[in-house]
file coords06.cif (mmCIF, C-alpha atoms)
data_upload
#
loop_
_atom_site.label_atom_id
_atom_site.label_comp_id
_atom_site.auth_asym_id
_atom_site.auth_seq_id
_atom_site.Cartn_x
_atom_site.Cartn_y
_atom_site.Cartn_z
CA MET A 23 -11.70 -13.82 -1.75
CA LEU A 24 -9.28 -11.52 0.14
CA ILE A 25 -7.98 -7.97 -0.15
CA ILE A 26 -4.72 -7.06 1.60
CA TRP A 27 -4.04 -3.32 1.75
CA LEU A 28 -0.35 -2.57 2.34
CA THR A 29 -0.05 1.01 3.59
CA GLY A 30 3.04 2.93 4.65
CA LEU A 31 5.46 5.67 3.69
CA PRO A 32 7.10 5.84 0.27
CA GLY A 33 10.07 3.48 0.34
CA ALA A 34 8.75 1.39 3.26
CA GLY A 35 8.63 -1.78 1.14
CA LYS A 36 4.95 -2.12 0.22
CA THR A 37 5.46 -2.96 -3.44
CA THR A 38 8.41 -5.27 -2.80
CA ILE A 39 6.32 -7.27 -0.33
CA ALA A 40 3.32 -7.36 -2.68
CA TYR A 41 5.32 -8.77 -5.60
CA GLU A 42 7.01 -11.41 -3.46
CA MET A 43 3.63 -12.44 -2.06
CA LYS A 44 2.20 -12.64 -5.57
CA ARG A 45 5.05 -14.93 -6.63
CA ILE A 46 4.46 -17.27 -3.68
CA LEU A 47 0.66 -17.30 -3.87
CA GLU A 48 0.66 -17.93 -7.61
CA SER A 49 3.07 -20.83 -7.12
CA GLU A 50 0.35 -22.29 -4.87
CA GLY A 51 -2.19 -21.95 -7.69
CA LYS A 52 -3.96 -18.85 -6.41
CA THR A 53 -5.10 -16.02 -8.67
CA VAL A 54 -3.47 -12.78 -7.50
CA ASN A 55 -3.85 -9.20 -8.69
CA ILE A 56 -1.68 -6.32 -7.52
CA LEU A 57 -2.95 -2.76 -7.46
CA ASP A 58 0.28 -0.78 -7.16
CA GLY A 59 -0.33 2.87 -6.33
CA ASP A 60 2.15 4.25 -8.86
CA GLU A 61 0.94 2.05 -11.71
CA VAL A 62 -2.74 2.61 -10.97
CA ARG A 63 -2.23 6.36 -10.72
CA LYS A 64 -0.40 6.43 -14.05
CA ASN A 65 -3.07 4.40 -15.85
CA LEU A 66 -6.32 5.07 -13.98
CA SER A 67 -5.82 8.50 -12.41
CA PRO A 68 -3.51 10.52 -14.68
CA ASP A 69 -6.00 13.37 -14.34
CA LEU A 70 -5.38 13.68 -10.58
CA GLY A 71 -2.75 15.52 -8.62
CA PHE A 72 -1.72 15.15 -4.99
CA SER A 73 -4.14 17.45 -3.21
CA PRO A 74 -6.06 15.79 -0.35
CA GLU A 75 -9.18 15.69 -2.54
CA ASP A 76 -7.33 14.09 -5.46
CA ARG A 77 -5.66 11.53 -3.18
CA ILE A 78 -9.05 10.56 -1.74
CA LEU A 79 -10.59 10.21 -5.20
CA HIS A 80 -7.65 8.12 -6.41
CA ASN A 81 -7.97 5.84 -3.37
CA LYS A 82 -11.72 5.43 -3.99
CA ARG A 83 -11.00 4.38 -7.58
CA VAL A 84 -8.61 1.75 -6.25
CA ILE A 85 -11.27 0.54 -3.81
CA GLU A 86 -13.75 0.07 -6.66
CA MET A 87 -11.19 -1.87 -8.70
CA ALA A 88 -10.37 -4.04 -5.69
CA LYS A 89 -14.05 -4.94 -5.27
CA LYS A 90 -14.23 -6.26 -8.80
CA LEU A 91 -10.85 -8.01 -8.78
CA SER A 92 -11.56 -9.72 -5.45
CA LEU A 93 -14.12 -11.87 -7.27
CA GLU A 94 -11.18 -13.50 -9.09
CA GLY A 95 -8.93 -14.17 -6.09
CA VAL A 96 -6.49 -12.37 -3.83
CA VAL A 97 -5.96 -8.63 -4.32
CA LEU A 98 -2.80 -7.02 -2.98
CA ILE A 99 -2.99 -3.24 -2.79
CA SER A 100 0.30 -1.41 -2.45
CA LEU A 101 -0.85 2.13 -1.82
CA ILE A 102 0.24 4.80 0.63
CA ALA A 103 -3.35 5.86 1.40
CA PRO A 104 -2.24 8.56 3.84
CA TYR A 105 -5.61 9.26 5.47
CA GLN A 106 -7.22 7.06 8.10
CA LYS A 107 -10.72 8.04 6.92
CA VAL A 108 -10.01 6.60 3.46
CA ARG A 109 -8.67 3.34 4.89
CA ASP A 110 -11.75 3.19 7.15
CA TYR A 111 -13.92 3.71 4.07
CA ALA A 112 -12.04 0.91 2.30
CA ARG A 113 -12.67 -1.37 5.26
CA SER A 114 -16.40 -0.58 5.23
CA GLU A 115 -16.64 -1.12 1.46
CA LEU A 116 -14.48 -4.23 1.26
CA SER A 117 -15.34 -6.09 4.50
CA PRO A 118 -15.28 -8.89 5.41
CA LYS A 119 -12.58 -9.58 2.82
CA PHE A 120 -10.35 -6.65 3.86
CA ALA A 121 -7.15 -6.70 5.92
CA GLU A 122 -4.97 -3.65 6.53
CA VAL A 123 -1.23 -4.19 6.86
CA PHE A 124 0.87 -1.31 8.14
CA VAL A 125 4.30 -1.49 6.53
CA LYS A 126 6.06 0.50 9.22
CA CYS A 127 9.45 1.99 8.56
CA PRO A 128 11.04 5.12 10.04
CA LEU A 129 11.20 8.13 7.74
CA GLU A 130 15.02 8.20 8.02
CA VAL A 131 15.26 4.64 6.69
CA CYS A 132 12.81 5.34 3.87
CA MET A 133 14.85 8.41 2.95
CA LYS A 134 18.05 6.32 2.81
CA ARG A 135 16.36 3.68 0.64
CA ASP A 136 14.67 6.26 -1.62
CA PRO A 137 14.25 3.80 -4.54
CA LYS A 138 12.50 6.35 -6.75
CA GLY A 139 14.50 9.42 -5.69
CA LEU A 140 11.37 11.07 -4.26
CA TYR A 141 12.88 12.13 -0.95
CA ALA A 142 15.94 13.62 -2.66
CA LYS A 143 13.62 15.67 -4.87
CA ALA A 144 11.54 16.73 -1.85
CA VAL A 145 14.65 17.84 0.05
CA GLN A 146 15.67 19.92 -2.97
CA GLY A 147 12.18 21.43 -3.17
CA GLU A 148 11.35 19.78 -6.49
CA ILE A 149 8.46 17.80 -4.99
CA LYS A 150 5.88 19.42 -2.77
CA ASN A 151 3.52 17.41 -0.57
CA LEU A 152 5.54 14.20 -0.36
CA THR A 153 3.65 11.96 2.03
CA GLY A 154 5.44 11.55 5.33
CA TYR A 155 8.08 14.15 4.54
CA ASN A 156 6.23 17.42 4.03
CA ASP A 157 2.69 16.12 3.87
CA THR A 158 0.45 14.10 6.17
CA TYR A 159 0.61 10.37 6.74
CA GLU A 160 -1.75 9.12 9.43
CA GLU A 161 -0.53 5.82 10.82
CA PRO A 162 -3.23 3.13 10.88
CA ALA A 163 -5.26 3.07 14.10
CA LYS A 164 -6.03 -0.66 14.19
CA PRO A 165 -4.37 -2.60 11.37
CA GLU A 166 -4.70 -6.36 11.29
CA LEU A 167 -0.91 -6.57 11.08
CA VAL A 168 2.13 -4.33 11.55
CA ILE A 169 5.37 -5.32 9.87
CA GLN A 170 8.60 -3.42 10.45
CA THR A 171 10.73 -3.53 7.35
CA ASP A 172 13.65 -1.81 9.05
CA LYS A 173 13.87 -4.69 11.55
CA GLU A 174 12.63 -7.68 9.52
CA SER A 175 13.94 -9.36 6.40
CA LEU A 176 11.77 -9.48 3.31
CA ASP A 177 11.09 -13.16 3.99
CA GLU A 178 10.02 -12.45 7.58
CA SER A 179 7.67 -9.67 6.49
CA VAL A 180 6.18 -11.72 3.66
CA ASN A 181 5.70 -14.75 5.91
CA LYS A 182 3.78 -12.64 8.43
CA VAL A 183 1.44 -11.38 5.73
CA LEU A 184 1.08 -14.88 4.27
CA SER A 185 0.06 -16.13 7.73
CA LEU A 186 -2.64 -13.47 7.72
CA VAL A 187 -3.80 -14.60 4.27
CA GLN A 188 -3.94 -18.23 5.35
CA SER A 189 -5.93 -17.46 8.50
#
call {"tool": "encode", "arguments": {"input": "coords06.cif", "output": "structure tokens"}}
result
Amino acid sequence: MLIIWLTGLPGAGKTTIAYEMKRILESEGKTVNILDGDEVRKNLSPDLGFSPEDRILHNKRVIEMAKKLSLEGVVLISLIAPYQKVRDYARSELSPKFAEVFVKCPLEVCMKRDPKGLYAKAVQGEIKNLTGYNDTYEEPAKPELVIQTDKESLDESVNKVLSLVQS
């Protein structure tokens, strides 16, 4: 059916948007699966670290899961996916069902939100290679949609993505 890949920095709002979309779409009778980066990593990729190679492999595992789940309905992927080449690979593997949504939020705002305490740990040196802070995040080159969670309410962001789903 459709695969929406929400990409952005940690704390940008990807997972919050995905779960609100799931609630709305399911209320309309649609089948929705969420592939949340943290949950998938814990359950599917516990053997992987955060090196570039491990991140790429983890993302490819998510892509394979999305292929299978898309046969059931809408798939919402909430995953940082820091490298453009991986998102391009996802597009090539999942097209024409694929749409990339850049959940754009300034690093300073993500650091203030810090729902999981990751940025605090990175500042203290407890976490190395935190995407966007002391490791690479390549902003999407040509996403289907850009939402700005520092300037939009949750409802506004979700409605924009829902419009994309409905088109």
call {"tool": "resolve_selection", "arguments": {"input": "coords06.cif", "expression": "the PyMOL selection byres ((chain A and resi 131) around 12)", "output": "ChimeraX atom specification"}}
result
/A:31-35,126-130,132-137,141,170-173
call {"tool": "residues_around", "arguments": {"input": "coords06.cif", "residues": "segment 62-70 of chain A", "least_positions_apart": "5", "cutoff": "7 Å", "atoms": "all atoms listed in the file", "output": "list in words"}}
result
Leu57, Asp76 and His80 of chain A
call {"tool": "resolve_selection", "arguments": {"input": "coords06.cif", "expression": "the PyMOL selection byres ((chain A and resi 110) around 12)", "output": "list in words"}}
result
Trp27, Ile78, Asn81, Lys82, Ile85, Ala103, Pro104, Tyr105, Gln106, Lys107, Val108, Arg109, Tyr111, Ala112, Arg113, Ser114, Glu115, Leu116, Ser117, Phe120, Ala121, Glu122, Glu160, Pro162, Ala163, Lys164 and Pro165 of chain A
call {"tool": "atom_distance", "arguments": {"input": "coords06.cif", "atom1": "atom CA of Arg45 of chain A", "atom2": "atom CA of Leu24 of chain A"}}
result
16.2 Å
call {"tool": "resolve_selection", "arguments": {"input": "coords06.cif", "expression": "the PyMOL selection byres ((chain A and resi 94) around 8)", "output": "PDB file with C-alpha atoms, in the coordinates of the input"}}
result
ATOM      1  CA  MET A  23     -11.700 -13.820  -1.750  1.00  0.00           C
ATOM      2  CA  THR A  53      -5.100 -16.020  -8.670  1.00  0.00           C
ATOM      3  CA  VAL A  54      -3.470 -12.780  -7.500  1.00  0.00           C
ATOM      4  CA  LYS A  90     -14.230  -6.260  -8.800  1.00  0.00           C
ATOM      5  CA  LEU A  91     -10.850  -8.010  -8.780  1.00  0.00           C
ATOM      6  CA  SER A  92     -11.560  -9.720  -5.450  1.00  0.00           C
ATOM      7  CA  LEU A  93     -14.120 -11.870  -7.270  1.00  0.00           C
ATOM      8  CA  GLY A  95      -8.930 -14.170  -6.090  1.00  0.00           C
ATOM      9  CA  VAL A  96      -6.490 -12.370  -3.830  1.00  0.00           C
TER      10      VAL A  96
END
